[in-house]
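Text of upload-v1.txt (compact mmCIF, C-alpha atoms and all ligand atoms) as supplied:
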```
# COMPACT_ATOMS: atom_id res chain seq x y z
CA MET A 965 20.27 2.84 -6.00
CA LYS A 966 23.14 1.94 -3.71
CA LYS A 967 23.31 5.42 -2.23
CA ARG A 968 19.60 5.46 -1.52
CA PHE A 969 19.68 1.98 -0.06
CA ASP A 970 22.63 2.87 2.18
CA GLU A 971 20.75 5.93 3.39
CA LEU A 972 17.72 3.80 4.20
CA LYS A 973 19.86 1.22 5.94
CA GLY A 974 21.65 3.93 7.91
CA GLN A 975 18.28 4.90 9.36
CA GLY A 976 17.31 1.27 10.01
CA LEU A 977 14.33 1.64 7.63
CA GLU A 978 15.10 -1.11 5.10
CA TRP A 979 12.78 -4.10 4.72
CA ASN A 980 14.01 -7.65 5.23
CA PRO A 981 10.82 -9.69 5.06
CA PRO A 982 10.86 -13.04 6.88
CA THR A 983 9.73 -16.11 4.89
CA LEU A 984 6.83 -18.40 5.73
CA GLN A 985 7.13 -22.10 5.03
CA SER A 986 3.51 -22.75 6.00
CA ALA A 987 0.04 -21.24 5.63
CA ASN A 988 -0.35 -17.89 7.34
CA GLN A 989 -2.26 -19.08 10.38
CA PRO A 990 -1.97 -18.57 14.15
CA ARG A 991 1.03 -20.92 14.42
CA VAL A 992 3.26 -20.62 11.38
CA THR A 993 6.63 -21.90 10.30
CA MET A 994 8.63 -18.75 9.66
CA ASP A 995 12.29 -18.77 8.71
CA GLY A 996 12.27 -22.43 9.72
CA ARG A 997 10.88 -21.89 13.24
CA THR A 998 7.46 -22.47 14.75
CA THR A 999 6.15 -19.00 15.54
CA ILE A 1000 2.91 -17.58 16.94
CA MET A 1001 1.64 -15.05 14.42
CA LEU A 1002 0.36 -11.73 15.78
CA SER A 1003 1.11 -9.60 12.72
CA ALA A 1004 -1.33 -10.94 10.13
CA ASN A 1005 -4.59 -9.42 8.92
CA ASN A 1006 -6.12 -12.89 9.12
CA TYR A 1007 -8.72 -11.79 11.68
CA LEU A 1008 -11.13 -14.67 11.14
CA ASN A 1009 -8.51 -17.27 10.28
CA LEU A 1010 -10.09 -17.95 6.87
CA THR A 1011 -6.78 -18.19 4.95
CA ASN A 1012 -6.90 -21.96 5.15
CA HIS A 1013 -10.57 -22.57 5.89
CA PRO A 1014 -11.40 -25.90 4.17
CA ARG A 1015 -14.42 -24.52 2.26
CA VAL A 1016 -12.47 -21.55 0.95
CA VAL A 1017 -9.51 -23.69 -0.10
CA GLN A 1018 -11.77 -26.30 -1.74
CA ALA A 1019 -13.67 -23.61 -3.68
CA MET A 1020 -10.33 -22.43 -5.07
CA ILE A 1021 -9.31 -25.95 -6.10
CA ASP A 1022 -12.67 -26.76 -7.72
CA ALA A 1023 -12.81 -23.51 -9.70
CA THR A 1024 -9.21 -23.91 -10.84
CA GLU A 1025 -10.00 -27.39 -12.13
CA LYS A 1026 -13.10 -26.16 -13.97
CA TYR A 1027 -11.89 -22.79 -15.32
CA GLY A 1028 -8.07 -23.07 -15.33
CA ALA A 1029 -5.41 -21.03 -13.62
CA GLY A 1030 -5.93 -17.62 -15.22
CA SER A 1031 -8.85 -15.66 -16.66
CA GLY A 1032 -7.15 -14.87 -19.96
CA SER A 1033 -8.25 -11.25 -20.30
CA VAL A 1034 -9.21 -8.03 -18.59
CA ARG A 1035 -12.74 -8.06 -17.19
CA ALA A 1036 -14.02 -5.50 -19.73
CA ILE A 1037 -13.04 -7.49 -22.83
CA ALA A 1038 -13.21 -11.24 -22.37
CA GLY A 1039 -12.22 -11.90 -18.75
CA THR A 1040 -15.55 -11.76 -16.92
CA MET A 1041 -16.59 -15.23 -15.80
CA ASP A 1042 -19.83 -16.21 -14.10
CA ILE A 1043 -17.91 -16.77 -10.86
CA HIS A 1044 -16.71 -13.13 -10.85
CA LEU A 1045 -20.32 -11.99 -11.00
CA GLU A 1046 -21.40 -14.50 -8.36
CA ALA A 1047 -18.69 -13.24 -6.00
CA GLU A 1048 -19.86 -9.64 -6.61
CA SER A 1049 -23.51 -10.48 -5.89
CA LYS A 1050 -22.48 -12.25 -2.69
CA VAL A 1051 -20.46 -9.21 -1.55
CA ALA A 1052 -23.42 -6.90 -2.25
CA GLU A 1053 -25.70 -9.16 -0.21
CA PHE A 1054 -23.18 -9.25 2.64
CA LYS A 1055 -22.69 -5.46 2.61
CA GLN A 1056 -26.42 -4.80 2.24
CA VAL A 1057 -25.91 -2.64 -0.84
CA GLU A 1058 -27.27 -2.84 -4.38
CA ALA A 1059 -24.06 -3.80 -6.11
CA SER A 1060 -20.33 -4.34 -5.89
CA LEU A 1061 -17.35 -4.50 -8.21
CA ILE A 1062 -14.28 -6.58 -7.43
CA TYR A 1063 -10.80 -5.25 -8.19
CA SER A 1064 -7.41 -6.96 -8.12
CA ALA A 1065 -6.71 -5.49 -4.64
CA GLY A 1066 -7.91 -2.94 -2.10
CA TYR A 1067 -4.97 -0.82 -3.22
CA THR A 1068 -6.14 -0.77 -6.85
CA ALA A 1069 -9.75 -0.14 -5.76
CA ASN A 1070 -8.73 3.09 -4.02
CA VAL A 1071 -6.30 4.15 -6.71
CA GLY A 1072 -8.85 3.34 -9.42
CA LEU A 1073 -12.05 4.70 -7.91
CA ILE A 1074 -11.02 8.00 -6.31
CA PRO A 1075 -9.92 9.71 -9.56
CA THR A 1076 -13.29 8.91 -11.17
CA LEU A 1077 -15.24 10.79 -8.50
CA VAL A 1078 -13.85 14.31 -8.99
CA GLN A 1079 -12.82 16.28 -12.06
CA GLY A 1080 -10.72 19.39 -11.48
CA LYS A 1081 -9.94 22.40 -9.30
CA GLN A 1082 -13.64 23.07 -8.88
CA ASP A 1083 -13.85 19.93 -6.70
CA VAL A 1084 -12.25 19.11 -3.35
CA ILE A 1085 -11.20 15.89 -1.64
CA ILE A 1086 -11.23 16.09 2.14
CA SER A 1087 -9.13 13.41 3.77
CA ASP A 1088 -8.27 12.30 7.34
CA GLU A 1089 -4.56 12.88 8.02
CA LEU A 1090 -4.03 9.21 8.90
CA ASN A 1091 -5.70 7.70 5.83
CA HIS A 1092 -4.03 4.69 4.22
CA GLY A 1093 -1.35 5.21 1.56
CA SER A 1094 -3.56 3.77 -1.18
CA ILE A 1095 -6.06 6.59 -0.56
CA ILE A 1096 -3.23 9.11 -0.67
CA ASP A 1097 -2.04 7.64 -3.97
CA GLY A 1098 -5.60 7.75 -5.37
CA VAL A 1099 -5.92 11.41 -4.37
CA ARG A 1100 -2.55 12.17 -6.03
CA LEU A 1101 -3.98 10.98 -9.36
CA THR A 1102 -6.66 13.69 -9.36
CA LYS A 1103 -6.58 17.37 -10.26
CA ALA A 1104 -9.03 18.27 -7.51
CA GLN A 1105 -8.10 20.49 -4.58
CA ARG A 1106 -6.99 18.62 -1.47
CA ALA A 1107 -7.70 19.35 2.16
CA VAL A 1108 -6.54 17.27 5.11
CA TYR A 1109 -8.19 17.37 8.55
CA SER A 1110 -6.60 16.25 11.81
CA HIS A 1111 -7.25 12.66 12.71
CA ASN A 1112 -10.90 11.95 13.61
CA ASP A 1113 -11.35 15.64 14.55
CA MET A 1114 -14.89 16.61 13.61
CA ASN A 1115 -14.38 20.32 14.37
CA ALA A 1116 -11.47 20.31 11.94
CA LEU A 1117 -13.59 18.51 9.32
CA GLU A 1118 -16.38 21.04 9.74
CA ALA A 1119 -13.92 23.93 9.37
CA VAL A 1120 -12.62 22.45 6.10
CA LEU A 1121 -16.17 21.96 4.82
CA ASN A 1122 -16.86 25.62 5.59
CA ASP A 1123 -13.64 26.71 3.86
CA TYR A 1124 -14.61 24.82 0.71
CA SER A 1125 -18.32 25.60 0.72
CA ASP A 1126 -18.08 26.96 -2.84
CA SER A 1127 -16.53 23.81 -4.27
CA ASP A 1128 -18.56 21.93 -6.79
CA ARG A 1129 -18.10 18.34 -5.60
CA LYS A 1130 -16.92 17.67 -2.06
CA LEU A 1131 -15.67 14.16 -1.32
CA ILE A 1132 -14.87 13.18 2.28
CA ILE A 1133 -12.62 10.11 2.52
CA THR A 1134 -11.78 8.22 5.68
CA ASP A 1135 -10.43 4.88 6.74
CA GLY A 1136 -13.05 3.00 8.78
CA VAL A 1137 -10.61 1.32 11.15
CA PHE A 1138 -7.17 2.96 11.26
CA SER A 1139 -4.58 0.29 10.79
CA MET A 1140 -1.81 1.66 13.01
CA ASP A 1141 -3.87 2.46 16.13
CA GLY A 1142 -6.96 0.28 15.72
CA ASP A 1143 -9.35 3.16 16.38
CA ILE A 1144 -12.61 3.72 14.51
CA ALA A 1145 -13.64 6.75 12.42
CA PRO A 1146 -16.78 8.50 13.77
CA LEU A 1147 -18.63 7.71 10.55
CA ASP A 1148 -22.00 8.72 12.02
CA GLU A 1149 -20.73 12.26 12.66
CA ILE A 1150 -18.92 12.37 9.32
CA SER A 1151 -22.13 11.34 7.58
CA SER A 1152 -24.19 14.05 9.37
CA LEU A 1153 -21.64 16.73 8.50
CA ALA A 1154 -21.60 15.52 4.89
CA GLU A 1155 -25.37 15.74 4.70
CA GLU A 1156 -25.33 19.25 6.13
CA HIS A 1157 -22.67 20.43 3.67
CA GLY A 1158 -23.74 18.53 0.55
CA ALA A 1159 -20.62 16.31 0.52
CA MET A 1160 -20.17 12.69 -0.56
CA VAL A 1161 -18.83 10.07 1.89
CA TYR A 1162 -16.21 7.46 0.98
CA VAL A 1163 -15.07 4.92 3.58
CA ASP A 1164 -12.23 2.42 3.32
CA ASP A 1165 -13.51 -0.52 5.38
CA CYS A 1166 -10.57 -2.86 4.71
CA HIS A 1167 -9.98 -3.49 8.44
CA GLY A 1168 -13.67 -3.25 9.39
CA GLU A 1169 -15.06 -5.99 7.19
CA GLY A 1170 -15.47 -9.20 9.10
CA VAL A 1171 -14.66 -7.24 12.27
CA LEU A 1172 -17.16 -4.44 12.96
CA GLY A 1173 -20.95 -4.58 12.80
CA LYS A 1174 -23.34 -7.47 13.25
CA GLY A 1175 -21.55 -10.70 12.31
CA GLY A 1176 -18.74 -8.63 10.80
CA ALA A 1177 -20.88 -6.75 8.26
CA GLY A 1178 -18.53 -3.75 8.54
CA ILE A 1179 -18.45 -0.13 9.67
CA VAL A 1180 -21.63 0.95 7.90
CA ASP A 1181 -23.57 -1.66 9.86
CA HIS A 1182 -21.67 -0.76 13.05
CA PHE A 1183 -23.13 2.77 12.88
CA LYS A 1184 -26.39 1.66 11.18
CA LEU A 1185 -25.73 4.00 8.25
CA GLN A 1186 -27.10 1.80 5.48
CA GLY A 1187 -27.94 3.96 2.45
CA LYS A 1188 -26.03 6.97 3.80
CA VAL A 1189 -22.50 6.15 2.67
CA ASP A 1190 -21.89 6.72 -1.03
CA PHE A 1191 -18.79 4.60 -1.56
CA GLU A 1192 -17.41 1.68 0.44
CA VAL A 1193 -14.05 0.15 -0.39
CA GLY A 1194 -12.94 -3.16 1.05
CA SER A 1195 -10.37 -5.90 0.72
CA PHE A 1196 -10.39 -9.67 0.61
CA SER A 1197 -6.84 -9.75 1.93
CA LYS A 1198 -7.70 -9.12 5.59
CA ALA A 1199 -10.56 -10.81 7.51
CA LEU A 1200 -11.76 -12.60 4.38
CA GLY A 1201 -8.44 -14.39 4.06
CA VAL A 1202 -8.07 -14.35 0.26
CA GLN A 1203 -7.02 -11.44 -1.98
CA GLY A 1204 -8.76 -8.75 -4.01
CA GLY A 1205 -10.47 -5.37 -3.59
CA ILE A 1206 -14.09 -4.35 -3.28
CA VAL A 1207 -16.11 -1.30 -4.30
CA ALA A 1208 -19.64 -1.44 -2.89
CA GLY A 1209 -22.57 0.94 -3.27
CA SER A 1210 -25.45 1.58 -5.63
CA GLU A 1211 -25.91 -0.03 -9.04
CA GLU A 1212 -24.98 3.40 -10.45
CA VAL A 1213 -21.67 3.37 -8.55
CA ARG A 1214 -20.85 -0.06 -9.99
CA THR A 1215 -21.67 1.03 -13.55
CA HIS A 1216 -19.65 4.22 -13.11
CA ALA A 1217 -16.61 2.43 -11.67
CA LEU A 1218 -16.78 -0.25 -14.34
CA ASN A 1219 -16.72 2.32 -17.13
CA HIS A 1220 -14.17 4.78 -15.77
CA SER A 1221 -11.82 3.10 -13.31
CA ARG A 1222 -8.48 2.57 -15.01
CA SER A 1223 -7.07 0.10 -12.50
CA TRP A 1224 -10.10 -2.10 -13.19
CA LEU A 1225 -10.27 -1.60 -16.97
CA LEU A 1226 -6.57 -1.96 -17.69
CA SER A 1227 -5.60 -4.98 -15.60
CA GLY A 1228 -6.25 -8.70 -16.06
CA SER A 1229 -9.16 -10.08 -14.07
CA GLN A 1230 -8.85 -12.19 -10.94
CA PRO A 1231 -7.87 -15.85 -11.45
CA PRO A 1232 -11.01 -18.02 -11.34
CA GLY A 1233 -9.81 -19.82 -8.21
CA VAL A 1234 -9.49 -16.50 -6.42
CA ALA A 1235 -13.00 -15.41 -7.45
CA ALA A 1236 -14.46 -18.68 -6.17
CA ALA A 1237 -12.51 -18.41 -2.91
CA GLN A 1238 -13.75 -14.82 -2.47
CA LYS A 1239 -17.36 -15.96 -2.77
CA ALA A 1240 -16.76 -18.89 -0.41
CA ALA A 1241 -15.08 -16.65 2.18
CA VAL A 1242 -18.07 -14.29 2.24
CA GLU A 1243 -20.40 -17.29 2.59
CA VAL A 1244 -18.35 -18.61 5.52
CA LEU A 1245 -18.48 -15.21 7.17
CA MET A 1246 -22.26 -15.03 6.73
CA ASN A 1247 -22.99 -18.64 7.74
CA GLU A 1248 -20.45 -19.30 10.51
CA PRO A 1249 -20.82 -16.44 13.02
CA GLU A 1250 -18.63 -18.27 15.53
CA HIS A 1251 -15.42 -16.95 13.89
CA HIS A 1252 -16.52 -13.35 14.42
CA ALA A 1253 -17.60 -14.06 18.00
CA LYS A 1254 -14.26 -15.75 18.78
CA LEU A 1255 -12.31 -12.84 17.28
CA TRP A 1256 -13.96 -10.43 19.72
CA GLU A 1257 -13.63 -12.81 22.66
CA ASN A 1258 -9.88 -12.98 21.94
CA THR A 1259 -9.64 -9.22 21.39
CA ASN A 1260 -11.35 -8.32 24.66
CA TYR A 1261 -9.36 -10.86 26.68
CA PHE A 1262 -5.96 -10.02 25.21
CA LYS A 1263 -6.38 -6.25 25.50
CA LYS A 1264 -7.56 -6.46 29.10
CA GLU A 1265 -4.68 -8.78 30.08
CA LEU A 1266 -2.05 -6.65 28.31
CA GLU A 1267 -3.32 -3.58 30.14
CA SER A 1268 -3.31 -5.37 33.48
CA LEU A 1269 0.34 -6.23 32.89
CA GLY A 1270 0.97 -2.49 32.65
CA PHE A 1271 1.17 -2.06 28.87
CA ASP A 1272 -0.38 0.95 27.13
CA THR A 1273 -2.61 -0.11 24.21
CA GLY A 1274 -3.25 3.43 23.02
CA VAL A 1275 -6.66 4.22 21.52
CA SER A 1276 -7.40 0.74 20.16
CA GLU A 1277 -11.07 -0.29 19.88
CA THR A 1278 -10.63 -3.24 17.54
CA PRO A 1279 -8.52 -6.42 17.05
CA ILE A 1280 -5.61 -4.15 16.06
CA ILE A 1281 -3.96 -3.73 19.45
CA PRO A 1282 -0.71 -1.72 19.59
CA VAL A 1283 1.66 -1.91 22.53
CA MET A 1284 2.85 1.68 22.73
CA CYS A 1285 6.62 1.99 23.24
CA GLY A 1286 7.48 5.63 22.46
CA ASP A 1287 11.02 5.38 21.17
CA SER A 1288 11.72 3.27 18.09
CA SER A 1289 14.64 1.48 19.80
CA VAL A 1290 12.29 0.23 22.53
CA ALA A 1291 9.73 -0.98 19.96
CA LYS A 1292 12.40 -2.76 17.95
CA GLY A 1293 13.92 -4.23 21.13
CA LEU A 1294 10.54 -5.53 22.30
CA SER A 1295 9.71 -7.00 18.89
CA ASN A 1296 13.13 -8.71 18.66
CA GLU A 1297 12.78 -10.09 22.16
CA MET A 1298 9.31 -11.47 21.32
CA MET A 1299 10.76 -13.08 18.21
CA ASN A 1300 13.49 -14.75 20.28
CA TYR A 1301 10.70 -16.43 22.23
CA GLY A 1302 8.86 -17.45 19.03
CA VAL A 1303 6.24 -14.69 18.69
CA MET A 1304 5.92 -12.52 15.58
CA ALA A 1305 4.73 -9.05 16.63
CA GLY A 1306 6.20 -6.41 14.34
CA ALA A 1307 7.60 -3.05 15.41
CA ILE A 1308 5.99 -0.03 13.72
CA VAL A 1309 8.31 2.96 13.71
CA PHE A 1310 8.83 6.30 11.94
CA PRO A 1311 7.93 7.12 9.14
CA MET A 1312 4.90 4.80 9.46
CA VAL A 1313 4.03 6.53 12.75
CA ALA A 1314 5.30 9.68 14.51
CA LYS A 1315 8.86 9.46 15.92
CA ASP A 1316 7.69 9.34 19.56
CA LYS A 1317 4.82 6.93 18.86
CA ALA A 1318 6.72 3.76 17.95
CA ARG A 1319 4.87 0.61 18.93
CA VAL A 1320 4.70 -3.15 18.61
CA ARG A 1321 1.47 -3.83 16.76
CA THR A 1322 -0.49 -6.98 17.49
CA GLN A 1323 -3.51 -8.21 15.55
CA MET A 1324 -5.91 -10.76 16.97
CA SER A 1325 -7.24 -13.76 15.07
CA ALA A 1326 -10.21 -16.04 15.72
CA GLY A 1327 -7.79 -18.94 15.28
CA LEU A 1328 -5.71 -18.12 18.36
CA THR A 1329 -6.59 -20.32 21.35
CA ARG A 1330 -6.72 -19.16 24.96
CA GLN A 1331 -3.56 -21.21 25.50
CA ASP A 1332 -1.82 -19.32 22.66
CA LEU A 1333 -2.85 -15.99 24.15
CA ASP A 1334 -1.70 -16.92 27.65
CA GLU A 1335 1.65 -18.04 26.26
CA VAL A 1336 1.99 -14.75 24.35
CA LEU A 1337 1.07 -12.74 27.46
CA ARG A 1338 3.75 -14.51 29.53
CA ILE A 1339 6.28 -13.73 26.80
CA PHE A 1340 5.15 -10.09 26.57
CA GLU A 1341 5.62 -9.79 30.32
CA SER A 1342 9.21 -11.03 30.31
CA ALA A 1343 10.13 -9.19 27.12
CA GLY A 1344 8.48 -5.98 28.42
CA ASN A 1345 10.47 -6.26 31.64
CA LYS A 1346 13.68 -6.90 29.76
CA VAL A 1347 13.35 -3.74 27.62
CA GLY A 1348 12.19 -1.71 30.62
CA LEU A 1349 8.71 -0.96 29.31
CA ILE A 1350 6.82 -2.34 32.31
C1 LIG A 1401 -6.88 0.80 5.09
C2 LIG A 1401 -6.35 -0.02 3.96
N1 LIG A 1401 -6.80 0.22 2.72
C3 LIG A 1401 -6.36 -0.50 1.66
C4 LIG A 1401 -5.43 -1.50 1.82
C5 LIG A 1401 -4.98 -2.29 0.62
O1 LIG A 1401 -5.64 -3.50 0.58
P1 LIG A 1401 -5.07 -4.72 -0.31
O2 LIG A 1401 -4.14 -5.48 0.55
O3 LIG A 1401 -6.28 -5.51 -0.68
O4 LIG A 1401 -4.41 -4.12 -1.48
C6 LIG A 1401 -4.93 -1.78 3.08
C7 LIG A 1401 -3.91 -2.85 3.27
O5 LIG A 1401 -2.82 -2.63 3.67
C8 LIG A 1401 -5.40 -1.03 4.19
O6 LIG A 1401 -4.93 -1.25 5.42
```
Let's see the structure in the file written out as structure tokens.
Ligand SMILES: Cc1ncc(COP(=O)(O)O)c(C=O)c1O
Amino acid sequence: MKKRFDELKGQGLEWNPPTLQSANQPRVTMDGRTTIMLSANNYLNLTNHPRVVQAMIDATEKYGAGSGSVRAIAGTMDIHLEAESKVAEFKQVEASLIYSAGYTANVGLIPTLVQGKQDVIISDELNHGSIIDGVRLTKAQRAVYSHNDMNALEAVLNDYSDSDRKLIITDGVFSMDGDIAPLDEISSLAEEHGAMVYVDDCHGEGVLGKGGAGIVDHFKLQGKVDFEVGSFSKALGVQGGIVAGSEEVRTHALNHSRSWLLSGSQPPGVAAAQKAAVEVLMNEPEHHAKLWENTNYFKKELESLGFDTGVSETPIIPVMCGDSSVAKGLSNEMMNYGVMAGAIVFPMVAKDKARVRTQMSAGLTRQDLDEVLRIFESAGNKVGLI
């Protein structure tokens, strides 16, 4: 262990997570200091929304702290089912199944969709690690296409035309660059080649589409995407994973998905908070509107200061730095001024594509953003980026 840790440390790749002494909100107390948070997935600032918090308190008082069992045996409560119906309504699908996390949804669902070498999983090269782990649990053949490259996807589909089941998997919004998968083109190619489509919409829920309905709504592909995976831990501000699709998909996942069958169900307070968060998203469109107002303003201002925001199209806005030492220097400098904007370096991204990744939130005020922009300008000058 020591040898491996020393190796990691030698490369500057060890984790040393800071500690929050407050809710994760736009201004946090972190390691004892007031800090503006630009590294959270809290896009709509629902982590401490009063209705969501109250729902958690009320359900905990009524049902207790834990569910007492796995869902399949004796751990399904009415509030779990209510949260699932609400998610299905929000996603405009027949049914949904809630998992303990987005991670366990991917790891649990993917292996149920293919059987052996006669099947193939076709995956974007930049898909999230939880998809990669899910694929690793299958015996199907694997093919990877270059990021968002539809010619490459078509070539793979041609190569595997004899495969029995073909499953195309893509992230909806890519979490390192903030770009969007061309799901409309993926869906057309899938139709042409008899493939199934699986999208991980963890960073698209609450962000893309009308009122934040997600990537399927963004491209108006209702009924054309076989499997949607989501997470409550990002825009929805709580915790938990989502599988959404047809009633048949729900029944299938419920009967075969090991990460769902073999793990205790969500605490009642969490289930109630999940339902409340979806209701807030559906009934209070101002959070979604504010998120995009902030996103458009911040990106435009960063670019006019001379920063390169890469291929971002969403509230994930990277400041491209190139070398990892520049990204780390910029992030440290920002932190000295009280702004948390984490550096993302190899192996999370290519060696020459290190960046400081920022994520917008509906809770950030114009004053917060202007303060951050001033700090970015002086920190960027100091590290020689602009
Ligand atoms: C694309 C993507 N999929 C899945 C997950 C996992 O979601 P959760 O935090 O709910 O486990 C994440 C979170 O990091 C993600 O970014």
- Query: Leu1002 in chain A: which residues within 7 Å, counting all atoms listed in the file, same-chain residues fewer than 2 positions away excluded, as a list in words?
  - Reply: Ile1000, Ala1004, Met1304, Ala1305, Thr1322, Gln1323 and Met1324 of chain A
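Each of A:Met1114, A:Val1017, A:Ala987, A:Val1193 was checked against Arg1214 in chain A using only C-alpha atoms; the smallest atom-to-atom distance is that of A:Val1193.
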- Message: Show me which residues line ligand LIG 1401 (chain A), defined as having an atom within 7 Å of a ligand atom where only C-alpha atoms and all ligand atoms count, and present them as a list in words.
- Response: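 My answer, listing the contacting residues, is Ala1065, Gly1066, Tyr1067, Thr1068, His1092, Ser1094, Asp1135, Phe1138, Ser1139, Asp1164, Asp1165, Cys1166, His1167, Ser1195, Phe1196, Ser1197, Gln1203, Gly1204 and Gly1205 of chain A.
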- Task: Please measure the separation of CA of Leu1061 in chain A and CA of Val1207 in chain A, giving the value in Å to one decimal.
- Result: 5.2 Å
- Query: So how many Å separate CA of Lys1264 in chain A and CA of Leu1337 in chain A, to one decimal?
  - Reply: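 About the pair CA of Lys1264 in chain A and CA of Leu1337 in chain A: they are 10.8 Å apart.
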- Tell me, in Å to one decimal, how far CA of Glu1335 in chain A is from CA of Phe1262 in chain A. 11.1 Å
- Message: At a cut-off of 12 Å, using all atoms listed in the file, what residues contact range 1346-1349 of chain A? Leave out same-chain residues fewer than 6 positions from it and give the result as a list of chain:residue names.
- Response: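 Neighbouring residues, sequence-local ones excluded: A:Leu1269, A:Gly1270, A:Phe1271, A:Asp1272, A:Val1283, A:Met1284, A:Cys1285, A:Gly1286, A:Asp1287, A:Ser1288, A:Ser1289, A:Val1290, A:Ala1291, A:Lys1292, A:Gly1293, A:Leu1294, A:Ser1295, A:Asn1296, A:Glu1297, A:Met1298, A:Arg1319, A:Val1320, A:Ile1339, A:Phe1340.
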- Of A:Ser1049, A:Thr1259, A:Pro1232, A:Pro1014, the one nearest to Lys1026 in chain A when counting all atoms listed in the file is A:Pro1232
- Taking (11.6, -21.7, 11.0) in the file's coordinates, which residues come within 12 Å, counting all atoms listed in the file, written as a list in words?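 Those residues, ordered by chain and then number, are Pro982, Thr983, Leu984, Gln985, Ser986, Arg991, Val992, Thr993, Met994, Asp995, Gly996, Arg997, Thr998, Thr999, Ile1000, Met1299, Asn1300, Gly1302, Val1303 and Met1304 of chain A.
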- From A:Ala1107, A:Val1057, A:Ile1308, A:Ala1314, residue lying nearest Glu1212 in chain A [only C-alpha atoms]: A:Val1057
- Message: List the spatial neighbours of range 1146-1150 of chain A as a list in words - criterion: any atom at most 8 Å away, all atoms listed in the file, same-chain residues fewer than 4 positions off excluded.
- Response: Asn1112, Met1114, Gly1136, Ala1154, Val1161, Ile1179, Val1180, Phe1183 and Leu1185 of chain A
- Message: Which residues are close to Gly1175 in chain A, i.e. within 10 Å by all atoms listed in the file, leaving aside same-chain residues fewer than 3 positions away? Reply as an MDAnalysis selection string.
- Response: chainID A and resid 1054 1169:1172 1178 1181:1182 1245:1253
- Task: Using only C-alpha atoms, pick whichever of A:Leu1101, A:Ala1241, A:Ala1159, A:Val1016 has the shortest atom-to-atom distance to Glu1118 in chain A.
- Result: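 The shortest atom-to-atom distance to Glu1118 in chain A comes from A:Ala1159.
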- Got a sec: who's within 10 Å of range 1070-1085 of chain A, counting all atoms listed in the file, leaving out chain neighbours fewer than 5 positions off, as an MDAnalysis selection string? chainID A and resid 1063 1065 1092:1108 1121 1124:1133 1159:1160 1162 1164 1191:1194 1205:1207 1213 1216:1225
Can you write out the residues you just picked, keeping C-alpha atoms, as an mmCIF file, in the frame of the given file?
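selection.cif, written as the output of this step:
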```cif
data_model
loop_
_atom_site.group_PDB
_atom_site.id
_atom_site.type_symbol
_atom_site.label_atom_id
_atom_site.label_comp_id
_atom_site.auth_asym_id
_atom_site.auth_seq_id
_atom_site.Cartn_x
_atom_site.Cartn_y
_atom_site.Cartn_z
ATOM 1 C CA TYR A 1063 -10.800 -5.250 -8.190
ATOM 2 C CA ALA A 1065 -6.710 -5.490 -4.640
ATOM 3 C CA HIS A 1092 -4.030 4.690 4.220
ATOM 4 C CA GLY A 1093 -1.350 5.210 1.560
ATOM 5 C CA SER A 1094 -3.560 3.770 -1.180
ATOM 6 C CA ILE A 1095 -6.060 6.590 -0.560
ATOM 7 C CA ILE A 1096 -3.230 9.110 -0.670
ATOM 8 C CA ASP A 1097 -2.040 7.640 -3.970
ATOM 9 C CA GLY A 1098 -5.600 7.750 -5.370
ATOM 10 C CA VAL A 1099 -5.920 11.410 -4.370
ATOM 11 C CA ARG A 1100 -2.550 12.170 -6.030
ATOM 12 C CA LEU A 1101 -3.980 10.980 -9.360
ATOM 13 C CA THR A 1102 -6.660 13.690 -9.360
ATOM 14 C CA LYS A 1103 -6.580 17.370 -10.260
ATOM 15 C CA ALA A 1104 -9.030 18.270 -7.510
ATOM 16 C CA GLN A 1105 -8.100 20.490 -4.580
ATOM 17 C CA ARG A 1106 -6.990 18.620 -1.470
ATOM 18 C CA ALA A 1107 -7.700 19.350 2.160
ATOM 19 C CA VAL A 1108 -6.540 17.270 5.110
ATOM 20 C CA LEU A 1121 -16.170 21.960 4.820
ATOM 21 C CA TYR A 1124 -14.610 24.820 0.710
ATOM 22 C CA SER A 1125 -18.320 25.600 0.720
ATOM 23 C CA ASP A 1126 -18.080 26.960 -2.840
ATOM 24 C CA SER A 1127 -16.530 23.810 -4.270
ATOM 25 C CA ASP A 1128 -18.560 21.930 -6.790
ATOM 26 C CA ARG A 1129 -18.100 18.340 -5.600
ATOM 27 C CA LYS A 1130 -16.920 17.670 -2.060
ATOM 28 C CA LEU A 1131 -15.670 14.160 -1.320
ATOM 29 C CA ILE A 1132 -14.870 13.180 2.280
ATOM 30 C CA ILE A 1133 -12.620 10.110 2.520
ATOM 31 C CA ALA A 1159 -20.620 16.310 0.520
ATOM 32 C CA MET A 1160 -20.170 12.690 -0.560
ATOM 33 C CA TYR A 1162 -16.210 7.460 0.980
ATOM 34 C CA ASP A 1164 -12.230 2.420 3.320
ATOM 35 C CA PHE A 1191 -18.790 4.600 -1.560
ATOM 36 C CA GLU A 1192 -17.410 1.680 0.440
ATOM 37 C CA VAL A 1193 -14.050 0.150 -0.390
ATOM 38 C CA GLY A 1194 -12.940 -3.160 1.050
ATOM 39 C CA GLY A 1205 -10.470 -5.370 -3.590
ATOM 40 C CA ILE A 1206 -14.090 -4.350 -3.280
ATOM 41 C CA VAL A 1207 -16.110 -1.300 -4.300
ATOM 42 C CA VAL A 1213 -21.670 3.370 -8.550
ATOM 43 C CA HIS A 1216 -19.650 4.220 -13.110
ATOM 44 C CA ALA A 1217 -16.610 2.430 -11.670
ATOM 45 C CA LEU A 1218 -16.780 -0.250 -14.340
ATOM 46 C CA ASN A 1219 -16.720 2.320 -17.130
ATOM 47 C CA HIS A 1220 -14.170 4.780 -15.770
ATOM 48 C CA SER A 1221 -11.820 3.100 -13.310
ATOM 49 C CA ARG A 1222 -8.480 2.570 -15.010
ATOM 50 C CA SER A 1223 -7.070 0.100 -12.500
ATOM 51 C CA TRP A 1224 -10.100 -2.100 -13.190
ATOM 52 C CA LEU A 1225 -10.270 -1.600 -16.970
#
```
